[in-house]
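K.L.:
Got my_file.txt for you, compact mmCIF, N, CA and C atoms:
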# COMPACT_ATOMS: atom_id res chain seq x y z
N MET A 1 148.96 -59.47 -58.66
CA MET A 1 149.26 -60.78 -59.20
C MET A 1 150.61 -61.22 -58.63
N THR A 2 150.69 -62.45 -58.23
CA THR A 2 151.92 -62.94 -57.63
C THR A 2 152.95 -63.27 -58.70
N ARG A 3 154.19 -63.37 -58.26
CA ARG A 3 155.30 -63.66 -59.19
C ARG A 3 155.14 -65.03 -59.83
N GLU A 4 154.55 -66.00 -59.12
CA GLU A 4 154.39 -67.35 -59.65
C GLU A 4 153.48 -67.39 -60.87
N THR A 5 152.49 -66.50 -60.92
CA THR A 5 151.57 -66.51 -62.05
C THR A 5 152.05 -65.64 -63.20
N VAL A 6 152.90 -64.64 -62.93
CA VAL A 6 153.37 -63.74 -63.98
C VAL A 6 154.35 -64.45 -64.90
N VAL A 7 155.27 -65.22 -64.35
CA VAL A 7 156.29 -65.89 -65.17
C VAL A 7 155.67 -66.90 -66.13
N PRO A 8 154.77 -67.80 -65.71
CA PRO A 8 154.16 -68.70 -66.68
C PRO A 8 153.33 -67.96 -67.73
N ALA A 9 152.67 -66.87 -67.36
CA ALA A 9 151.88 -66.11 -68.33
C ALA A 9 152.80 -65.51 -69.38
N ARG A 10 153.96 -65.02 -68.98
CA ARG A 10 154.91 -64.47 -69.94
C ARG A 10 155.46 -65.56 -70.84
N ARG A 11 155.68 -66.73 -70.30
CA ARG A 11 156.15 -67.85 -71.13
C ARG A 11 155.11 -68.24 -72.17
N VAL A 12 153.86 -68.25 -71.76
CA VAL A 12 152.78 -68.59 -72.69
C VAL A 12 152.71 -67.53 -73.79
N VAL A 13 152.84 -66.26 -73.44
CA VAL A 13 152.80 -65.18 -74.43
C VAL A 13 153.96 -65.31 -75.40
N ILE A 14 155.15 -65.62 -74.91
CA ILE A 14 156.31 -65.79 -75.79
C ILE A 14 156.09 -66.97 -76.74
N LEU A 15 155.54 -68.06 -76.24
CA LEU A 15 155.27 -69.21 -77.11
C LEU A 15 154.19 -68.88 -78.15
N LEU A 16 153.18 -68.14 -77.75
CA LEU A 16 152.14 -67.75 -78.70
C LEU A 16 152.67 -66.80 -79.76
N LEU A 17 153.54 -65.87 -79.37
CA LEU A 17 154.15 -64.97 -80.36
C LEU A 17 155.03 -65.75 -81.34
N LEU A 18 155.74 -66.74 -80.83
CA LEU A 18 156.55 -67.60 -81.70
C LEU A 18 155.65 -68.37 -82.66
N LEU A 19 154.55 -68.90 -82.16
CA LEU A 19 153.59 -69.60 -83.02
C LEU A 19 153.04 -68.67 -84.10
N GLN A 20 152.72 -67.43 -83.73
CA GLN A 20 152.22 -66.48 -84.71
C GLN A 20 153.26 -66.18 -85.77
N ALA A 21 154.51 -66.04 -85.38
CA ALA A 21 155.56 -65.77 -86.36
C ALA A 21 155.71 -66.94 -87.34
N VAL A 22 155.68 -68.16 -86.82
CA VAL A 22 155.83 -69.34 -87.68
C VAL A 22 154.64 -69.48 -88.61
N THR A 23 153.43 -69.31 -88.10
CA THR A 23 152.26 -69.44 -88.96
C THR A 23 152.21 -68.35 -90.02
N THR A 24 152.64 -67.14 -89.67
CA THR A 24 152.66 -66.05 -90.65
C THR A 24 153.67 -66.35 -91.76
N LEU A 25 154.84 -66.85 -91.40
CA LEU A 25 155.82 -67.23 -92.42
C LEU A 25 155.28 -68.35 -93.31
N PHE A 26 154.58 -69.31 -92.71
CA PHE A 26 154.00 -70.39 -93.50
C PHE A 26 152.91 -69.87 -94.44
N LEU A 27 152.11 -68.91 -93.97
CA LEU A 27 151.05 -68.36 -94.82
C LEU A 27 151.62 -67.66 -96.04
N TRP A 28 152.79 -67.04 -95.91
CA TRP A 28 153.41 -66.37 -97.05
C TRP A 28 153.88 -67.36 -98.11
N THR A 29 154.11 -68.61 -97.73
CA THR A 29 154.62 -69.59 -98.68
C THR A 29 153.52 -70.31 -99.46
N LEU A 30 152.28 -70.11 -99.08
CA LEU A 30 151.19 -70.83 -99.74
C LEU A 30 150.89 -70.26 -101.13
N ASP A 31 150.44 -71.13 -102.01
CA ASP A 31 150.02 -70.74 -103.36
C ASP A 31 148.59 -70.21 -103.28
N ALA A 32 148.40 -68.99 -103.71
CA ALA A 32 147.08 -68.35 -103.59
C ALA A 32 146.05 -68.89 -104.57
N LEU A 33 146.49 -69.58 -105.63
CA LEU A 33 145.55 -70.04 -106.66
C LEU A 33 145.07 -71.47 -106.45
N ASN A 34 145.57 -72.15 -105.48
CA ASN A 34 145.22 -73.54 -105.23
C ASN A 34 144.06 -73.61 -104.22
N GLU A 35 143.07 -74.46 -104.48
CA GLU A 35 141.91 -74.56 -103.57
C GLU A 35 142.30 -75.13 -102.21
N ILE A 36 143.19 -76.10 -102.20
CA ILE A 36 143.62 -76.67 -100.92
C ILE A 36 144.36 -75.62 -100.10
N SER A 37 145.16 -74.79 -100.76
CA SER A 37 145.88 -73.74 -100.06
C SER A 37 144.93 -72.74 -99.43
N GLU A 38 143.78 -72.53 -100.06
CA GLU A 38 142.80 -71.61 -99.48
C GLU A 38 142.26 -72.14 -98.16
N GLY A 39 141.99 -73.44 -98.10
CA GLY A 39 141.52 -74.04 -96.86
C GLY A 39 142.58 -74.04 -95.78
N VAL A 40 143.80 -74.35 -96.17
CA VAL A 40 144.91 -74.34 -95.21
C VAL A 40 145.14 -72.92 -94.71
N PHE A 41 145.07 -71.95 -95.62
CA PHE A 41 145.23 -70.55 -95.24
C PHE A 41 144.19 -70.15 -94.20
N ALA A 42 142.94 -70.53 -94.43
CA ALA A 42 141.87 -70.17 -93.49
C ALA A 42 142.11 -70.78 -92.11
N LEU A 43 142.54 -72.04 -92.08
CA LEU A 43 142.76 -72.69 -90.78
C LEU A 43 143.98 -72.11 -90.05
N PHE A 44 145.05 -71.81 -90.79
CA PHE A 44 146.22 -71.21 -90.15
C PHE A 44 145.91 -69.79 -89.68
N LEU A 45 145.13 -69.06 -90.46
CA LEU A 45 144.72 -67.72 -90.04
C LEU A 45 143.85 -67.79 -88.79
N ALA A 46 142.98 -68.78 -88.71
CA ALA A 46 142.15 -68.96 -87.52
C ALA A 46 143.01 -69.26 -86.30
N ALA A 47 144.03 -70.12 -86.47
CA ALA A 47 144.94 -70.42 -85.36
C ALA A 47 145.69 -69.16 -84.95
N ASP A 48 146.08 -68.35 -85.91
CA ASP A 48 146.78 -67.10 -85.62
C ASP A 48 145.89 -66.15 -84.83
N LEU A 49 144.62 -66.06 -85.22
CA LEU A 49 143.70 -65.17 -84.52
C LEU A 49 143.36 -65.66 -83.12
N VAL A 50 143.27 -66.97 -82.94
CA VAL A 50 143.03 -67.52 -81.59
C VAL A 50 144.24 -67.23 -80.70
N ALA A 51 145.44 -67.35 -81.25
CA ALA A 51 146.64 -67.02 -80.47
C ALA A 51 146.65 -65.55 -80.09
N PHE A 52 146.24 -64.69 -81.01
CA PHE A 52 146.15 -63.26 -80.69
C PHE A 52 145.12 -63.00 -79.60
N ALA A 53 143.99 -63.68 -79.66
CA ALA A 53 142.97 -63.52 -78.62
C ALA A 53 143.48 -63.98 -77.25
N MET A 54 144.27 -65.05 -77.25
CA MET A 54 144.82 -65.52 -75.99
C MET A 54 145.84 -64.53 -75.41
N ILE A 55 146.65 -63.94 -76.28
CA ILE A 55 147.61 -62.92 -75.83
C ILE A 55 146.87 -61.73 -75.25
N SER A 56 145.80 -61.31 -75.92
CA SER A 56 145.00 -60.20 -75.43
C SER A 56 144.37 -60.53 -74.08
N TYR A 57 143.87 -61.75 -73.94
CA TYR A 57 143.27 -62.19 -72.69
C TYR A 57 144.30 -62.15 -71.55
N LEU A 58 145.49 -62.67 -71.81
CA LEU A 58 146.53 -62.67 -70.78
C LEU A 58 146.96 -61.24 -70.43
N TYR A 59 147.07 -60.37 -71.42
CA TYR A 59 147.47 -58.99 -71.17
C TYR A 59 146.44 -58.27 -70.31
N ARG A 60 145.16 -58.44 -70.65
CA ARG A 60 144.12 -57.75 -69.87
C ARG A 60 144.11 -58.22 -68.42
N HIS A 61 144.30 -59.51 -68.22
CA HIS A 61 144.28 -60.01 -66.85
C HIS A 61 145.54 -59.60 -66.08
N GLU A 62 146.66 -59.51 -66.77
CA GLU A 62 147.87 -59.06 -66.08
C GLU A 62 147.77 -57.59 -65.72
N ARG A 63 147.18 -56.79 -66.60
CA ARG A 63 147.02 -55.37 -66.33
C ARG A 63 146.07 -55.12 -65.17
N GLU A 64 145.05 -55.96 -65.02
CA GLU A 64 144.08 -55.79 -63.94
C GLU A 64 144.49 -56.50 -62.66
N ASP A 65 145.66 -57.13 -62.65
CA ASP A 65 146.17 -57.89 -61.49
C ASP A 65 145.21 -58.99 -61.06
N VAL A 66 144.66 -59.69 -62.06
CA VAL A 66 143.76 -60.82 -61.82
C VAL A 66 144.40 -62.05 -62.45
N ASN A 67 144.31 -63.17 -61.77
CA ASN A 67 144.85 -64.39 -62.34
C ASN A 67 143.99 -64.87 -63.51
N PRO A 68 144.63 -65.16 -64.65
CA PRO A 68 143.85 -65.68 -65.79
C PRO A 68 143.39 -67.10 -65.51
N SER A 69 142.27 -67.45 -66.09
CA SER A 69 141.72 -68.79 -65.90
C SER A 69 142.52 -69.81 -66.71
N ARG A 70 143.00 -70.82 -66.04
CA ARG A 70 143.75 -71.88 -66.73
C ARG A 70 142.85 -72.66 -67.67
N THR A 71 141.58 -72.70 -67.36
CA THR A 71 140.63 -73.42 -68.22
C THR A 71 140.56 -72.76 -69.59
N TRP A 72 140.44 -71.41 -69.63
CA TRP A 72 140.35 -70.72 -70.91
C TRP A 72 141.66 -70.81 -71.69
N ILE A 73 142.78 -70.80 -70.99
CA ILE A 73 144.07 -70.95 -71.66
C ILE A 73 144.16 -72.36 -72.26
N ALA A 74 143.71 -73.36 -71.53
CA ALA A 74 143.72 -74.73 -72.04
C ALA A 74 142.78 -74.91 -73.22
N VAL A 75 141.60 -74.28 -73.16
CA VAL A 75 140.65 -74.37 -74.27
C VAL A 75 141.24 -73.70 -75.52
N GLY A 76 141.85 -72.54 -75.36
CA GLY A 76 142.47 -71.86 -76.49
C GLY A 76 143.62 -72.67 -77.07
N GLY A 77 144.45 -73.25 -76.21
CA GLY A 77 145.55 -74.09 -76.68
C GLY A 77 145.05 -75.32 -77.42
N ALA A 78 144.00 -75.94 -76.90
CA ALA A 78 143.44 -77.11 -77.56
C ALA A 78 142.84 -76.74 -78.92
N LEU A 79 142.20 -75.58 -78.99
CA LEU A 79 141.63 -75.13 -80.25
C LEU A 79 142.73 -74.88 -81.29
N ILE A 80 143.83 -74.29 -80.86
CA ILE A 80 144.96 -74.06 -81.78
C ILE A 80 145.51 -75.38 -82.28
N VAL A 81 145.66 -76.35 -81.39
CA VAL A 81 146.18 -77.66 -81.80
C VAL A 81 145.22 -78.33 -82.79
N VAL A 82 143.93 -78.26 -82.53
CA VAL A 82 142.95 -78.86 -83.44
C VAL A 82 143.00 -78.19 -84.81
N LEU A 83 143.11 -76.86 -84.83
CA LEU A 83 143.17 -76.14 -86.10
C LEU A 83 144.43 -76.50 -86.89
N LEU A 84 145.56 -76.60 -86.21
CA LEU A 84 146.80 -76.93 -86.90
C LEU A 84 146.79 -78.36 -87.40
N ILE A 85 146.29 -79.29 -86.62
CA ILE A 85 146.22 -80.70 -87.07
C ILE A 85 145.26 -80.83 -88.25
N THR A 86 144.14 -80.13 -88.18
CA THR A 86 143.19 -80.17 -89.29
C THR A 86 143.79 -79.61 -90.57
N SER A 87 144.54 -78.52 -90.44
CA SER A 87 145.16 -77.93 -91.63
C SER A 87 146.24 -78.84 -92.21
N LEU A 88 146.93 -79.59 -91.37
CA LEU A 88 147.93 -80.51 -91.88
C LEU A 88 147.29 -81.72 -92.56
N MET A 89 146.08 -82.05 -92.17
CA MET A 89 145.37 -83.16 -92.83
C MET A 89 144.91 -82.77 -94.23
N LEU A 90 144.71 -81.48 -94.48
CA LEU A 90 144.29 -81.03 -95.81
C LEU A 90 145.41 -81.08 -96.83
N THR A 91 146.63 -80.97 -96.37
CA THR A 91 147.75 -80.94 -97.34
C THR A 91 148.15 -82.32 -97.77
Would you give me this structure, written as structure tokens?

P.N.:
Amino acid sequence: MTRETVVPARRVVILLLLLQAVTTLFLWTLDALNEISEGVFALFLAADLVAFAMISYLYRHEREDVNPSRTWIAVGGALIVVLLITSLMLT
């Protein structure tokens, strides 16, 4: 894998880890007895799991010295954005 593709992949992983930290902190602040909080929790957890899947995808491709597909990274990023916007509409 060339140096040009490694640096952006590491930046994406750092941003995804930051997103996971923020969503995890937000999940701890939710009220467990509220029905709306249950829906928001599910959507934020889904965004967290998609971010984890993207990190795993990038790691596997970096380990195999194969360039990751930008299409799949874009699809995962779009899915995370949709999940976060949907969860904000519930509150």

K.L.:
Could you tell me, as a ChimeraX atom specification, which residues of chain A DSSP assigns to helix (DSSP H, G or I) when given the backbone?

P.N.:
/A:3-29,35-63,70-90

K.L.:
Just the residues within 8 Å of Pro68 of chain A, please, counting only C-alpha atoms, with nothing from its chain fewer than 6 positions along; format it as a ChimeraX atom specification.

P.N.:
/A:57-58,61-62

K.L.:
Would you work out the distance separating atom CA of Met54 of chain A from atom CA of Val40 of chain A, expressed in Å to one decimal?

P.N.:
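Between atom CA of Met54 of chain A and atom CA of Val40 of chain A the gap is 21.1 Å.
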
K.L.:
To box segment 19-30 of chain A, take all atoms listed in the file, fit an axis-aligned box, add 3 Å on each side, and give centre and edge lengths in Å to one decimal, as JSON.

P.N.:
{"center_x": 153.4, "center_y": -68.3, "center_z": -91.6, "size_x": 10.9, "size_y": 11.1, "size_z": 25.0}

K.L.:
For Leu45 of chain A, list every protein, DNA or RNA residue within 10 Å, evaluated using only C-alpha atoms, and leave out those in the same chain fewer than 5 positions away; present the list as a ChimeraX atom specification.

P.N.:
/A:20,23-24,27,39-40,50-51,83-84

K.L.:
My list of candidates is A:Leu88, A:Leu19, A:Ala32, A:Ala9. Which is closest to Ser56 of chain A when distances are computed with only C-alpha atoms?

P.N.:
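Nearest candidate to Ser56 of chain A out of A:Leu88, A:Leu19, A:Ala32, A:Ala9: A:Ala9.
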
K.L.:
In Å, rounded to a single decimal, give me how far atom CA of Leu43 of chain A is from atom CA of Thr86 of chain A.

P.N.:
7.6 Å

K.L.:
Rounded to one decimal in Å, what is the spacing between atom CA of Glu35 of chain A and atom N of Ser87 of chain A?

P.N.:
14.0 Å

K.L.:
Skip Leu18 of chain A itself and residues of its chain fewer than 5 positions away, then list as JSON, numbers by chain all residues within 12 Å of it, counting only C-alpha atoms.

P.N.:
{"A": [11, 12, 13, 23, 24, 25, 48, 51, 52, 55]}
